[in-house]
file final16.txt (compact mmCIF, C-alpha atoms)
# COMPACT_ATOMS: atom_id res chain seq x y z
CA MET A 1 0.00 0.00 0.00
CA LEU A 2 2.72 2.49 0.92
CA HIS A 3 4.63 1.92 -2.34
CA GLU A 4 1.41 2.36 -4.28
CA ILE A 5 0.61 5.62 -2.53
CA VAL A 6 4.09 7.05 -3.11
CA SER A 7 4.04 6.10 -6.79
CA PHE A 8 0.57 7.51 -7.30
CA SER A 9 1.35 10.72 -5.46
CA ARG A 10 4.45 11.37 -7.54
CA LEU A 11 2.50 10.62 -10.71
CA VAL A 12 -0.48 12.88 -10.12
CA PHE A 13 1.57 15.76 -8.80
CA SER A 14 3.84 15.71 -11.75
CA GLU A 15 1.02 16.76 -14.15
CA GLN A 16 -5.29 11.05 4.47
CA PHE A 17 -11.59 8.05 15.25
CA CYS A 18 -12.55 9.64 18.22
CA TYR A 19 -16.11 9.17 19.46
CA SER A 20 -18.17 10.14 22.48
CA GLU A 21 -21.75 10.78 23.37
CA GLU A 22 -20.78 14.41 23.88
CA VAL A 23 -18.45 14.94 20.92
CA GLN A 24 -19.11 12.92 17.78
CA PRO A 25 -18.04 13.23 14.16
CA LEU A 26 -20.23 15.86 12.55
CA SER A 27 -23.72 14.62 11.72
CA GLU A 28 -24.83 18.10 10.65
CA PRO A 29 -23.04 20.93 8.87
CA LEU A 30 -20.71 23.28 10.66
CA PRO A 31 -21.76 26.90 10.11
CA ALA A 32 -19.82 29.61 8.35
CA GLY A 33 -17.89 27.69 5.73
CA LEU A 34 -17.49 24.40 7.61
CA SER A 35 -20.33 22.48 5.94
CA ASP A 36 -17.93 20.19 4.08
CA PRO A 37 -16.25 17.66 6.40
CA PHE A 38 -13.19 18.18 4.21
CA ALA A 39 -13.40 21.99 4.36
CA PRO A 40 -10.09 23.87 4.66
CA THR A 41 -10.83 25.61 7.95
CA HIS A 42 -10.93 22.90 10.63
CA TRP A 43 -7.60 23.66 12.29
CA SER A 44 -7.98 27.39 11.72
CA VAL A 45 -11.29 27.47 13.57
CA ILE A 46 -9.81 25.50 16.47
CA ILE A 47 -6.99 28.03 16.82
CA ALA A 48 -9.44 30.93 16.46
CA ALA A 49 -11.51 29.53 19.32
CA GLY A 50 -8.43 29.71 21.53
CA GLU A 51 -8.16 33.39 20.67
CA SER A 52 -11.86 33.98 21.45
CA GLN A 53 -12.59 34.55 17.78
CA ALA A 54 -14.79 31.50 17.27
CA SER A 55 -17.19 29.35 19.26
CA PRO A 56 -15.55 26.61 21.39
CA GLU A 57 -18.43 24.33 20.41
CA ILE A 58 -17.61 24.73 16.72
CA ALA A 59 -13.96 24.09 17.54
CA ARG A 60 -14.82 20.90 19.43
CA ARG A 61 -16.87 19.61 16.53
CA ALA A 62 -14.07 20.41 14.07
CA LEU A 63 -11.63 18.62 16.37
CA ALA A 64 -13.88 15.55 16.41
CA GLN A 65 -13.68 15.38 12.62
CA LEU A 66 -9.89 15.54 12.71
CA CYS A 67 -9.71 12.95 15.48
CA GLN A 68 -11.73 10.55 13.38
CA THR A 69 -9.17 10.71 10.59
CA TYR A 70 -5.98 10.77 12.63
CA TRP A 71 -6.63 8.20 15.33
CA ALA A 72 -4.30 5.66 13.69
CA PRO A 73 -1.09 7.77 13.60
CA LEU A 74 -1.49 8.64 17.29
CA TYR A 75 -2.13 4.99 18.12
CA SER A 76 1.00 4.03 16.16
CA PHE A 77 3.09 6.45 18.21
CA VAL A 78 1.74 5.06 21.48
CA ARG A 79 2.48 1.51 20.32
CA SER A 80 6.03 2.54 19.43
CA ARG A 81 6.50 3.47 23.09
CA GLY A 82 6.17 -0.23 23.91
CA TYR A 83 2.55 -0.36 25.06
CA ALA A 84 0.53 -3.49 24.32
CA VAL A 85 -2.33 -3.32 21.80
CA GLU A 86 -5.18 -2.88 24.28
CA ASP A 87 -3.24 -0.43 26.44
CA ALA A 88 -2.36 1.63 23.36
CA GLN A 89 -6.02 1.71 22.37
CA ASP A 90 -7.00 2.85 25.86
CA LEU A 91 -4.35 5.56 25.92
CA THR A 92 -5.22 6.86 22.46
CA GLN A 93 -8.90 7.08 23.36
CA SER A 94 -8.02 8.71 26.67
CA PHE A 95 -5.74 11.21 24.96
CA PHE A 96 -8.52 12.51 22.73
CA ALA A 97 -10.85 12.63 25.74
CA TYR A 98 -8.17 14.62 27.55
CA LEU A 99 -7.89 17.09 24.66
CA ILE A 100 -11.64 17.65 24.70
CA GLU A 101 -12.37 17.46 28.42
CA HIS A 102 -9.58 19.86 29.39
CA LYS A 103 -9.83 22.01 26.24
CA ILE A 104 -6.14 21.52 25.52
CA TYR A 105 -6.77 22.36 21.88
CA LEU A 106 -7.63 25.94 22.86
CA ARG A 107 -4.02 26.44 23.91
CA ALA A 108 -2.69 25.83 20.39
CA ASP A 109 -0.11 28.38 19.26
CA ARG A 110 -0.93 29.94 15.88
CA THR A 111 2.77 30.52 15.20
CA LYS A 112 3.45 26.78 15.37
CA GLY A 113 0.80 26.15 12.77
CA LYS A 114 0.36 22.48 12.01
CA PHE A 115 -2.25 20.24 13.58
CA ARG A 116 0.06 17.22 13.45
CA SER A 117 2.80 19.07 15.35
CA PHE A 118 0.33 20.16 18.02
CA LEU A 119 -1.07 16.65 18.38
CA LEU A 120 2.33 14.97 18.66
CA ALA A 121 3.61 17.44 21.26
CA SER A 122 0.39 17.11 23.25
CA LEU A 123 0.51 13.31 23.08
CA LYS A 124 4.10 13.21 24.33
CA ASN A 125 3.13 15.39 27.27
CA PHE A 126 0.08 13.24 27.95
CA LEU A 127 2.08 10.01 27.92
CA GLY A 128 4.60 11.56 30.28
CA HIS A 129 1.81 11.69 32.87
CA ALA A 130 -0.19 8.72 31.67
CA TYR A 131 0.07 6.78 34.91
CA GLU A 132 -1.33 9.68 36.93
CA ARG A 133 -4.33 9.97 34.60
CA GLU A 134 -4.93 6.26 34.12
CA GLN A 135 -7.75 5.93 36.62
CA THR A 136 -9.71 8.98 35.53
CA LEU A 137 -9.14 8.77 31.79
CA LYS A 138 -9.33 5.02 31.14
CA ARG A 139 -11.37 4.56 27.96
CA GLY A 140 -12.29 8.25 27.97
CA GLY A 141 -12.97 9.07 31.61
CA SER A 142 -16.21 10.97 32.09
CA LEU A 143 -16.84 11.07 28.35
CA ASP A 144 -18.89 8.09 27.28
CA PHE A 145 -16.78 6.75 24.42
CA LEU A 146 -18.31 4.20 22.11
CA GLN A 147 -16.70 0.81 21.69
CA LEU A 148 -13.72 0.86 19.35
CA ASP A 149 -14.48 -0.31 15.85
CA ASP A 150 -12.64 -3.62 15.40
CA ALA A 151 -11.86 -3.04 11.73
CA ARG A 152 -10.42 0.42 12.41
CA ALA A 153 -8.39 -0.86 15.35
CA LYS A 154 -6.97 -3.72 13.28
CA ALA A 155 -6.12 -1.34 10.44
CA ALA A 156 -4.31 0.94 12.88
CA GLU A 157 -2.31 -1.97 14.28
CA SER A 158 -1.41 -3.08 10.75
CA LEU A 159 -0.24 0.46 10.00
CA PHE A 160 1.95 0.41 13.09
CA GLN A 161 3.51 -2.94 12.20
CA THR A 162 4.25 -1.64 8.70
CA HIS A 163 6.02 1.47 9.91
CA PHE A 164 7.57 0.37 13.20
CA ILE A 165 11.31 1.15 13.18
CA SER A 166 12.64 1.19 16.73
CA ALA A 167 11.74 2.21 20.25
CA ASP A 168 14.19 5.12 20.43
CA PRO A 169 12.81 8.68 20.33
CA ALA A 170 13.74 9.28 16.69
CA GLY A 171 12.08 6.00 15.71
CA GLU A 172 8.89 6.93 17.55
CA ASP A 173 8.61 10.22 15.69
CA ARG A 174 9.32 8.51 12.38
CA VAL A 175 6.57 5.95 12.96
CA PHE A 176 4.17 8.79 13.65
CA GLU A 177 5.23 10.77 10.57
CA ARG A 178 4.90 7.86 8.17
CA SER A 179 1.58 6.79 9.66
CA TRP A 180 0.31 10.36 9.44
CA ALA A 181 1.39 10.76 5.83
CA GLU A 182 -0.27 7.53 4.81
CA ALA A 183 -3.47 8.51 6.63
CA VAL A 184 -3.62 11.79 4.70
CA VAL A 185 -3.27 10.25 1.26
CA ARG A 186 -5.59 7.38 2.13
CA VAL A 187 -8.31 9.89 3.00
CA GLY A 188 -7.87 11.47 -0.42
CA LEU A 189 -8.21 8.13 -2.17
CA GLU A 190 -11.22 7.10 -0.09
CA ARG A 191 -12.89 10.43 -0.80
CA LEU A 192 -12.27 10.00 -4.51
CA GLU A 193 -13.71 6.49 -4.42
CA ALA A 194 -16.81 7.70 -2.56
CA GLU A 195 -17.40 10.44 -5.12
CA GLN A 196 -17.13 7.98 -7.99
CA LYS A 197 -19.63 5.69 -6.32
CA THR A 198 -22.07 8.55 -5.83
CA GLU A 199 -21.79 9.35 -9.53
CA GLY A 200 -22.47 5.71 -10.43
CA LYS A 201 -18.90 5.22 -11.68
CA ASP A 202 -17.72 2.82 -8.99
CA ARG A 203 -17.21 -0.09 -11.42
CA LEU A 204 -15.18 2.08 -13.78
CA PHE A 205 -13.18 3.45 -10.85
CA GLU A 206 -12.24 -0.07 -9.76
CA GLU A 207 -11.10 -0.85 -13.28
CA LEU A 208 -8.98 2.31 -13.47
CA ARG A 209 -7.65 2.20 -9.93
CA MET A 210 -4.52 0.42 -11.15
CA PHE A 211 -3.56 3.56 -13.06
CA LEU A 212 -3.76 5.58 -9.86
CA THR A 213 -1.74 3.46 -7.48
CA SER A 214 0.91 1.46 -9.34
CA SER A 215 1.65 -2.20 -8.71
CA ALA A 216 4.27 -4.84 -9.33
CA ASN A 217 2.33 -6.07 -12.35
CA PRO A 218 2.60 -4.26 -15.69
CA LEU A 219 -0.37 -2.08 -16.51
CA PRO A 220 -2.55 -2.94 -19.48
CA THR A 221 -2.49 -0.56 -22.39
CA TYR A 222 -5.43 1.75 -22.90
CA ASP A 223 -6.11 -0.07 -26.14
CA ASP A 224 -6.37 -3.48 -24.45
CA LEU A 225 -8.51 -2.21 -21.59
CA ALA A 226 -10.75 -0.25 -23.96
CA ILE A 227 -11.75 -3.47 -25.72
CA ARG A 228 -12.73 -5.13 -22.44
CA LEU A 229 -14.68 -2.12 -21.19
CA SER A 230 -16.24 -1.26 -24.56
CA LEU A 231 -14.82 2.28 -24.42
CA SER A 232 -12.44 4.14 -26.68
CA PRO A 233 -8.78 4.52 -25.57
CA SER A 234 -9.15 8.29 -25.66
CA THR A 235 -12.17 8.11 -23.33
CA LEU A 236 -10.26 5.94 -20.86
CA ARG A 237 -7.31 8.31 -20.95
CA SER A 238 -9.63 11.23 -20.21
CA HIS A 239 -11.15 9.38 -17.25
CA VAL A 240 -7.70 8.73 -15.77
CA THR A 241 -6.66 12.34 -16.27
CA ARG A 242 -9.79 13.58 -14.49
CA LEU A 243 -9.30 11.12 -11.62
CA ARG A 244 -5.74 12.33 -11.09
CA ALA A 245 -6.80 15.97 -11.17
CA ARG A 246 -9.61 15.37 -8.68
CA TYR A 247 -7.27 13.45 -6.40
CA ARG A 248 -4.90 16.42 -6.36
CA GLU A 249 -7.76 18.66 -5.26
CA LEU A 250 -8.90 16.28 -2.53
CA LEU A 251 -5.41 15.77 -1.17
CA ARG A 252 -4.78 19.51 -1.04
CA SER A 253 -8.11 19.95 0.73
CA GLU A 254 -7.25 17.32 3.33
CA VAL A 255 -3.83 18.83 3.95
CA ARG A 256 -5.32 22.33 4.19
CA ARG A 257 -7.73 21.45 6.96
CA THR A 258 -4.80 20.50 9.21
CA LEU A 259 -3.05 23.86 8.68
CA ASP A 260 -3.70 27.45 9.65
CA ALA A 261 -2.95 29.12 6.32
CA ASP A 262 -3.21 28.43 2.59
CA THR A 263 0.44 29.37 2.14
CA GLU A 264 1.53 26.31 4.14
CA VAL A 265 -0.11 23.73 1.88
CA ASP A 266 2.66 23.29 -0.70
CA GLY A 267 5.31 22.91 1.98
CA GLU A 268 3.23 20.33 3.83
CA LEU A 269 2.65 18.38 0.63
CA HIS A 270 6.38 18.31 -0.08
CA TRP A 271 6.98 17.07 3.47
CA LEU A 272 4.29 14.43 2.97
CA PHE A 273 5.89 12.98 -0.15
CA ARG A 274 9.38 13.04 1.32
CA VAL A 275 8.16 11.04 4.30
CA LEU A 276 6.31 8.54 2.11
CA ALA A 277 9.40 8.14 -0.05
CA GLY A 278 11.48 7.40 3.05
CA GLU A 279 13.71 10.44 2.68
call {"tool": "encode", "arguments": {"input": "final16.txt", "output": "structure tokens"}}
result
Amino acid sequence: MLHEIVSFSRLVFSEQFCYSEEVQPLSEPLPAGLSDPFAPTHWSVIIAAGESQASPEIARRALAQLCQTYWAPLYSFVRSRGYAVEDAQDLTQSFFAYLIEHKIYLRADRTKGKFRSFLLASLKNFLGHAYEREQTLKRGGSLDFLQLDDARAKAAESLFQTHFISADPAGEDRVFERSWAEAVVRVGLERLEAEQKTEGKDRLFEELRMFLTSSANPLPTYDDLAIRLSLSPSTLRSHVTRLRARYRELLRSEVRRTLDADTEVDGELHWLFRVLAGE
């Protein structure tokens, strides 16, 4: 999967869970430009709330959306500290409860910018006092967290095993970075797939997916695939071009919602691809 993502990302640019009864992923639109769960203002509105420029409730709901996407990278970091699977799940859940319950996110520094940097620094601090908080924050403390989704938990553990390097501090950060980068691009691909399904093009998308990810097997020519799908080669080529262009838009949108300014997007994308490429 990682190799496929890196190859696809390079290709298209040459032409990415936290639940409670109190704070859930958005089931209704956020006001003032936040109606799209992939809108570019999630982290900005969280920072603005800390400066009394936006509603804390809106910030909490935006945070819940981000938590849903980036549960796995945080879990991977906790696992890299040597915690067992169930303990890492507990701590990750408790960490997000801690962020929400104690409004830690309202202390974010605008000058430090990135959501991932804030989360990692906050998680390190949280783990440094994990034992003290264990009794009150186990499985979310006073927040009534829903049972972890088994499929999501297994996927997060698989991600950790893929990217685990070592237990030293540098290795921990690297596991987090690679897991984060893969989560970002996976969200873009999943969003693209969902759009194609909504448009009734899910079968065609599955057929063309190979052109978007790369694999060890040689790709068929447009001419050969056109015969099987009863389409012209030029039509297939146009479909692939549009898919790549839409993926670029979705990936930029996902990256943007974890930043405070539009001007940071290109730099974050370059960081993302360097991490995925193992540089």
call {"tool": "atom_distance", "arguments": {"input": "final16.txt", "atom1": "atom CA of Ala151 of chain A", "atom2": "atom CA of Gln89 of chain A"}}
result
13.0 Å
call {"tool": "atom_distance", "arguments": {"input": "final16.txt", "atom1": "atom CA of Ser44 of chain A", "atom2": "atom CA of Ala108 of chain A"}}
result
10.3 Å
call {"tool": "closest_residue", "arguments": {"input": "final16.txt", "among": "A:Trp271, A:Phe176, A:Tyr222, A:Phe95", "to": "Gly128 of chain A", "atoms": "only C-alpha atoms"}}
result
A:Phe95
call {"tool": "residues_around", "arguments": {"input": "final16.txt", "residues": "Leu204 of chain A", "least_positions_apart": "6", "cutoff": "12 Å", "atoms": "only C-alpha atoms", "output": "ChimeraX atom specification"}}
result
/A:193,196-197,210-211,225-226,228-231,235-236,239-240,243
call {"tool": "write_last_selection", "arguments": {"input": "final16.txt", "atoms": "C-alpha atoms", "output": "tab-separated table (two decimals), in the frame of the given file"}}
result
chain	number	residue	atom	x	y	z
A	193	GLU	CA	-13.71	6.49	-4.42
A	196	GLN	CA	-17.13	7.98	-7.99
A	197	LYS	CA	-19.63	5.69	-6.32
A	210	MET	CA	-4.52	0.42	-11.15
A	211	PHE	CA	-3.56	3.56	-13.06
A	225	LEU	CA	-8.51	-2.21	-21.59
A	226	ALA	CA	-10.75	-0.25	-23.96
A	228	ARG	CA	-12.73	-5.13	-22.44
A	229	LEU	CA	-14.68	-2.12	-21.19
A	230	SER	CA	-16.24	-1.26	-24.56
A	231	LEU	CA	-14.82	2.28	-24.42
A	235	THR	CA	-12.17	8.11	-23.33
A	236	LEU	CA	-10.26	5.94	-20.86
A	239	HIS	CA	-11.15	9.38	-17.25
A	240	VAL	CA	-7.70	8.73	-15.77
A	243	LEU	CA	-9.30	11.12	-11.62
call {"tool": "atom_distance", "arguments": {"input": "final16.txt", "atom1": "atom CA of Gln65 of chain A", "atom2": "atom CA of Trp43 of chain A"}}
result
10.3 Å
call {"tool": "closest_residue", "arguments": {"input": "final16.txt", "among": "A:Arg237, A:Arg61, A:Lys201, A:Arg252", "to": "Glu268 of chain A", "atoms": "all atoms listed in the file"}}
result
A:Arg252
call {"tool": "closest_residue", "arguments": {"input": "final16.txt", "among": "A:Leu250, A:Trp71, A:Asp87, A:Glu195", "to": "Ala183 of chain A", "atoms": "all atoms listed in the file"}}
result
A:Trp71
call {"tool": "closest_residue", "arguments": {"input": "final16.txt", "among": "A:Ile47, A:Leu74, A:Ala64, A:Ala261", "to": "Arg107 of chain A", "atoms": "all atoms listed in the file"}}
result
A:Ile47
